[in-house]
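A short worksheet on the structure shown next.
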Amino acid sequence: PLSFYICNFFGALYFVRIARNWSSLIRQWTRVEVSMKSYGFPPNIKKRFKIMTGTVLLLALAEHLLFILNALNSTWTCQNPDAEIYFGFAFPQVFTIISYSHWKAILVEVVNILVTFCWNFIDLFIMLLSSALALRFQQVSNKIENTKIMYEQFWRKIREDYNRLYFLCAVLDKHIGPLVVVSFVSNLFFICIQLYNSLKPRYGIIPAVYFFYSFGFLLGRTLAVAMYAAWINDESREPLKVLQSIPSENYCVEIERIIQQIHTTPAGITGSKFFLITRSFLLKVAGTIVTFELMLLQFGPLIREDFNVSPPYPE
């Protein structure tokens with residue numbers, strides 16, 4: 001649908017804005033990295049990023065190939081299949097409005113590939129940045145848990161490190177907040193569309209495989225983005241488990257300041273301050289999707305009447 005291109009157009013615009021401010025973000029991130037040099041580099045982070053990137057892009061490539069195969073499958077059922085019929089099946093939202101020509105078809109195909117890549121890369125980009133920051137918060141938590149001798153100077157250093165990460169998280173959120181909104185709006189919108197399309201009858205193996213794979217990949221990617229973004233909030237609150245169990249004789253002002261900061265100013269990625277991504281937020285989103293699905297099931301018979309068409313070819 002046209003909304004697919006509109007959402008990713010805004011995503012591309014926000015990427016341009018991020019690119020313009022990228023050097024500023026990296027300078028601030030580098031200062032935090034240098035100040036936390038004693039923690040060491042997060043283990044296996046390079047391998048983690050390679051696996052995440054490779055997995056998302058390969059799954060996205062498989063989905064796009066299935067999209068092409070599904071359109072070809074519809075084309076092959078026609079008596080005289082040609083490029084015009086293929087592009088009519090693949091992009092009905094375009095070629096039902098404008099007339100077909102080869103140069104238009106090539107342009108639409110190129111735009112579709114770029115938009116599809118942008119759609120997947122938005123989620124991957126959020127996942128990678130969230131992972132990098134969450135791992136740094138995790139290092140602070142691990143240092144608190146693994147240190148046996150704790151004195152006030154130690155807690156002051158911990159608070160300063162935590163504070164640097166908190167402000168880095170705020171800076172990161174300022175840069176990618178609009179991108180998070182685009183990601184969640186587009187993903188949830190297409191989940192609802194796919195739930196609606198699930199009531200549509202399908203004839204043949206290829207359309208069924210394409211639908212279920214595409215829907216499953218969309219659900220998995222949306223869940224992964226939410227979980228990785230919520231990971232920052234989870235790790236930022238992890239020190240509370242240790243801080244609240246410290247004996248009173250070892251308690252100091254610095255510990256109290258850390259606890260107060262964690263409680264009053266939660267760290268995490270937001271959607272331009274509209275919502276903070278946490279595990280509880282994910283449950284609310286899931287509840288909304290389930291409610292929509294129940295509505296579809298209730299009105300399913302009426303919706304199926306709209307899809308009451310004869311199969312394009314015998315099974």
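By convention in this document, the chains of the structure tokens carry letters A, B, ... by their order, each chain's residues are numbered from 1, and ligands are numbered from 1 in the order they are shown.
Every protein, DNA or RNA residue with an atom at most 12 Å from A:Phe9, where only C-alpha atoms count and chain neighbours fewer than 5 positions away do not, is listed here: Leu2, Ser3, Phe4, Tyr14, Phe15, Val16, Val111, Asn112, Leu114, Val115, Thr116, Phe117, Cys118, Trp119, Ile122, Leu179, Val182, Ser183 and Ser186 of chain A.
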Output C-alpha atoms for every residue in the selection just made, as a PDB file, in the first residue's frame.
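For reference, result39.pdb as written:
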```pdb
ATOM      1  CA  LEU A   2       0.899   3.641  -0.402  1.00  0.00           C
ATOM      2  CA  SER A   3       1.401   3.973   3.367  1.00  0.00           C
ATOM      3  CA  PHE A   4       4.418   1.651   3.061  1.00  0.00           C
ATOM      4  CA  TYR A  14      15.144  11.112   9.499  1.00  0.00           C
ATOM      5  CA  PHE A  15      18.199   9.125   8.433  1.00  0.00           C
ATOM      6  CA  VAL A  16      19.395  12.199   6.549  1.00  0.00           C
ATOM      7  CA  VAL A 111      12.186   2.409  -5.503  1.00  0.00           C
ATOM      8  CA  ASN A 112      10.585  -0.696  -4.005  1.00  0.00           C
ATOM      9  CA  LEU A 114      15.294   0.881  -1.695  1.00  0.00           C
ATOM     10  CA  VAL A 115      12.167   1.332   0.413  1.00  0.00           C
ATOM     11  CA  THR A 116      12.197  -2.317   1.496  1.00  0.00           C
ATOM     12  CA  PHE A 117      15.838  -2.023   2.536  1.00  0.00           C
ATOM     13  CA  CYS A 118      15.087   1.203   4.422  1.00  0.00           C
ATOM     14  CA  TRP A 119      12.182  -0.443   6.248  1.00  0.00           C
ATOM     15  CA  ILE A 122      15.420   1.245  10.419  1.00  0.00           C
ATOM     16  CA  LEU A 179      12.993   6.996  13.802  1.00  0.00           C
ATOM     17  CA  VAL A 182       8.356   5.592  12.319  1.00  0.00           C
ATOM     18  CA  SER A 183       9.444   2.043  13.138  1.00  0.00           C
ATOM     19  CA  SER A 186       4.793   1.324  10.368  1.00  0.00           C
TER      20      SER A 186
END
```
Against stretch 67-76 of chain A, which residues of stretch 149-219 of chain A fall within 10 Å? For each one I want the closest pair of atoms and the distance in Å (one decimal), counting only C-alpha atoms, rows by chain and increasing residue number, as JSON lines.
```
{"residue": "A:Gly204", "atom": "CA", "partner": "A:Asn73", "partner_atom": "CA", "distance": 9.4}
{"residue": "A:Ile205", "atom": "CA", "partner": "A:Asn70", "partner_atom": "CA", "distance": 9.7}
{"residue": "A:Ile206", "atom": "CA", "partner": "A:Asn70", "partner_atom": "CA", "distance": 6.1}
{"residue": "A:Pro207", "atom": "CA", "partner": "A:Asn70", "partner_atom": "CA", "distance": 5.8}
{"residue": "A:Ala208", "atom": "CA", "partner": "A:Asn70", "partner_atom": "CA", "distance": 9.3}
{"residue": "A:Val209", "atom": "CA", "partner": "A:Asn70", "partner_atom": "CA", "distance": 9.0}
{"residue": "A:Tyr210", "atom": "CA", "partner": "A:Phe67", "partner_atom": "CA", "distance": 6.7}
{"residue": "A:Phe211", "atom": "CA", "partner": "A:Phe67", "partner_atom": "CA", "distance": 9.0}
{"residue": "A:Ser214", "atom": "CA", "partner": "A:Phe67", "partner_atom": "CA", "distance": 8.6}
```
Please save C-alpha atoms of the selected residues as a compact mmCIF listing (two decimals), in the first residue's frame.
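Output file out.txt follows:
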```txt
# COMPACT_ATOMS: atom_id res chain seq x y z
CA GLY A 204 -1.79 -22.55 -3.70
CA ILE A 205 1.35 -23.14 -1.70
CA ILE A 206 3.41 -20.13 -2.78
CA PRO A 207 0.90 -17.43 -1.68
CA ALA A 208 0.42 -19.20 1.65
CA VAL A 209 4.16 -19.56 2.27
CA TYR A 210 4.78 -15.93 1.34
CA PHE A 211 2.01 -14.66 3.62
CA SER A 214 6.18 -12.29 5.70
```
Discussion item. As a PyMOL selection string, please: the residues near A:Leu135 (cut-off 8 Å, only C-alpha atoms, same-chain neighbours under 3 positions excluded).
Written reply: chain A and resi 42+131-132+138-139+235
Discussion item. Restricting the calculation to only C-alpha atoms: of A:Leu219, A:Gly177, A:Ile262, A:Asn21, which residue gets closest to A:Leu240?
Written reply: A:Ile262
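With only C-alpha atoms as the atoms that count, the residue of A:Pro239, A:Gly88, A:Gly54, A:Pro81 with the shortest distance to A:Ile144 is A:Pro239.
You can rank A:Leu61, A:Leu133, A:Cys252, A:Ile106 by their closest distance to A:Ala83 using only C-alpha atoms, and at the top of that list sits A:Ile106.
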Discussion item. I'd like the contact shell of A:Lys148 - 12 Å cut-off, only C-alpha atoms, skipping same-chain residues fewer than 5 positions apart - returned as a ChimeraX atom specification.
Written reply: /A:142-143,154,242,246,250
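The space between atom CA of A:Trp29 and atom CA of A:Phe125 spans 15.9 Å.
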Discussion item. Need the shell around A:Met127: protein/DNA/RNA residues with any atom at most 9 Å away, counting only C-alpha atoms. Skip same-chain ones fewer than 2 positions apart. Format as a PyMOL selection string?
Written reply: chain A and resi 52+122-125+129-132+224-229
Just C-alpha atoms for this one: save the residues we selected as a CSV table (one decimal), in the first residue's frame.
```csv
chain,number,residue,atom,x,y,z
A,52,MET,CA,22.4,-9.4,14.1
A,122,ILE,CA,15.4,1.2,10.4
A,123,ASP,CA,14.7,-1.6,12.8
A,124,LEU,CA,18.3,-3.0,12.5
A,125,PHE,CA,19.7,0.4,13.2
A,129,LEU,CA,22.5,1.2,18.9
A,130,SER,CA,20.3,-0.1,21.7
A,131,SER,CA,22.5,-3.2,22.1
A,132,ALA,CA,25.7,-1.1,22.3
A,224,ALA,CA,13.2,-7.8,18.4
A,225,VAL,CA,13.2,-4.0,18.1
A,226,ALA,CA,11.1,-3.6,21.2
A,227,MET,CA,13.1,-6.1,23.2
A,228,TYR,CA,16.5,-4.6,22.3
A,229,ALA,CA,15.2,-1.1,23.0
```
Using only C-alpha atoms, which residues of stretch 181-248 of chain A come within 10 Å of stretch 282-298 of chain A, and what is the closest atom pair for each, with the distance in Å to one decimal? Give it as JSON lines, sorted by chain and residue number.
```
{"residue": "A:Phe184", "atom": "CA", "partner": "A:Val285", "partner_atom": "CA", "distance": 9.9}
{"residue": "A:Leu188", "atom": "CA", "partner": "A:Ile289", "partner_atom": "CA", "distance": 8.2}
{"residue": "A:Ile191", "atom": "CA", "partner": "A:Ile289", "partner_atom": "CA", "distance": 8.1}
{"residue": "A:Cys192", "atom": "CA", "partner": "A:Ile289", "partner_atom": "CA", "distance": 7.3}
{"residue": "A:Leu195", "atom": "CA", "partner": "A:Glu293", "partner_atom": "CA", "distance": 6.8}
{"residue": "A:Tyr196", "atom": "CA", "partner": "A:Leu296", "partner_atom": "CA", "distance": 6.9}
{"residue": "A:Ser198", "atom": "CA", "partner": "A:Leu296", "partner_atom": "CA", "distance": 9.7}
{"residue": "A:Leu199", "atom": "CA", "partner": "A:Leu296", "partner_atom": "CA", "distance": 8.4}
{"residue": "A:Thr222", "atom": "CA", "partner": "A:Leu282", "partner_atom": "CA", "distance": 10.0}
{"residue": "A:Leu223", "atom": "CA", "partner": "A:Leu282", "partner_atom": "CA", "distance": 8.1}
{"residue": "A:Ala226", "atom": "CA", "partner": "A:Leu282", "partner_atom": "CA", "distance": 6.7}
{"residue": "A:Met227", "atom": "CA", "partner": "A:Leu282", "partner_atom": "CA", "distance": 8.0}
{"residue": "A:Ala230", "atom": "CA", "partner": "A:Leu282", "partner_atom": "CA", "distance": 8.5}
```
Using C-alpha atoms, can you export the residues from the last selection as a PDB file, in the first residue's frame?
```pdb
ATOM      1  CA  PHE A 184       6.650   1.311  15.592  1.00  0.00           C
ATOM      2  CA  LEU A 188       2.141  -2.026  14.015  1.00  0.00           C
ATOM      3  CA  ILE A 191       0.704  -6.071  11.553  1.00  0.00           C
ATOM      4  CA  CYS A 192      -2.924  -4.916  11.642  1.00  0.00           C
ATOM      5  CA  LEU A 195      -4.135  -9.676  10.520  1.00  0.00           C
ATOM      6  CA  TYR A 196      -6.912  -8.369   8.307  1.00  0.00           C
ATOM      7  CA  SER A 198      -5.255 -13.383   7.276  1.00  0.00           C
ATOM      8  CA  LEU A 199      -9.004 -13.734   6.672  1.00  0.00           C
ATOM      9  CA  THR A 222       8.915  -5.852  15.683  1.00  0.00           C
ATOM     10  CA  LEU A 223       9.437  -7.954  18.797  1.00  0.00           C
ATOM     11  CA  ALA A 226      11.054  -3.642  21.172  1.00  0.00           C
ATOM     12  CA  MET A 227      13.121  -6.104  23.220  1.00  0.00           C
ATOM     13  CA  ALA A 230      13.709  -2.192  26.291  1.00  0.00           C
TER      14      ALA A 230
END
```
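Coordinates place atom CA of A:Ser38 at a distance of 11.3 Å from atom CA of A:Lys157.
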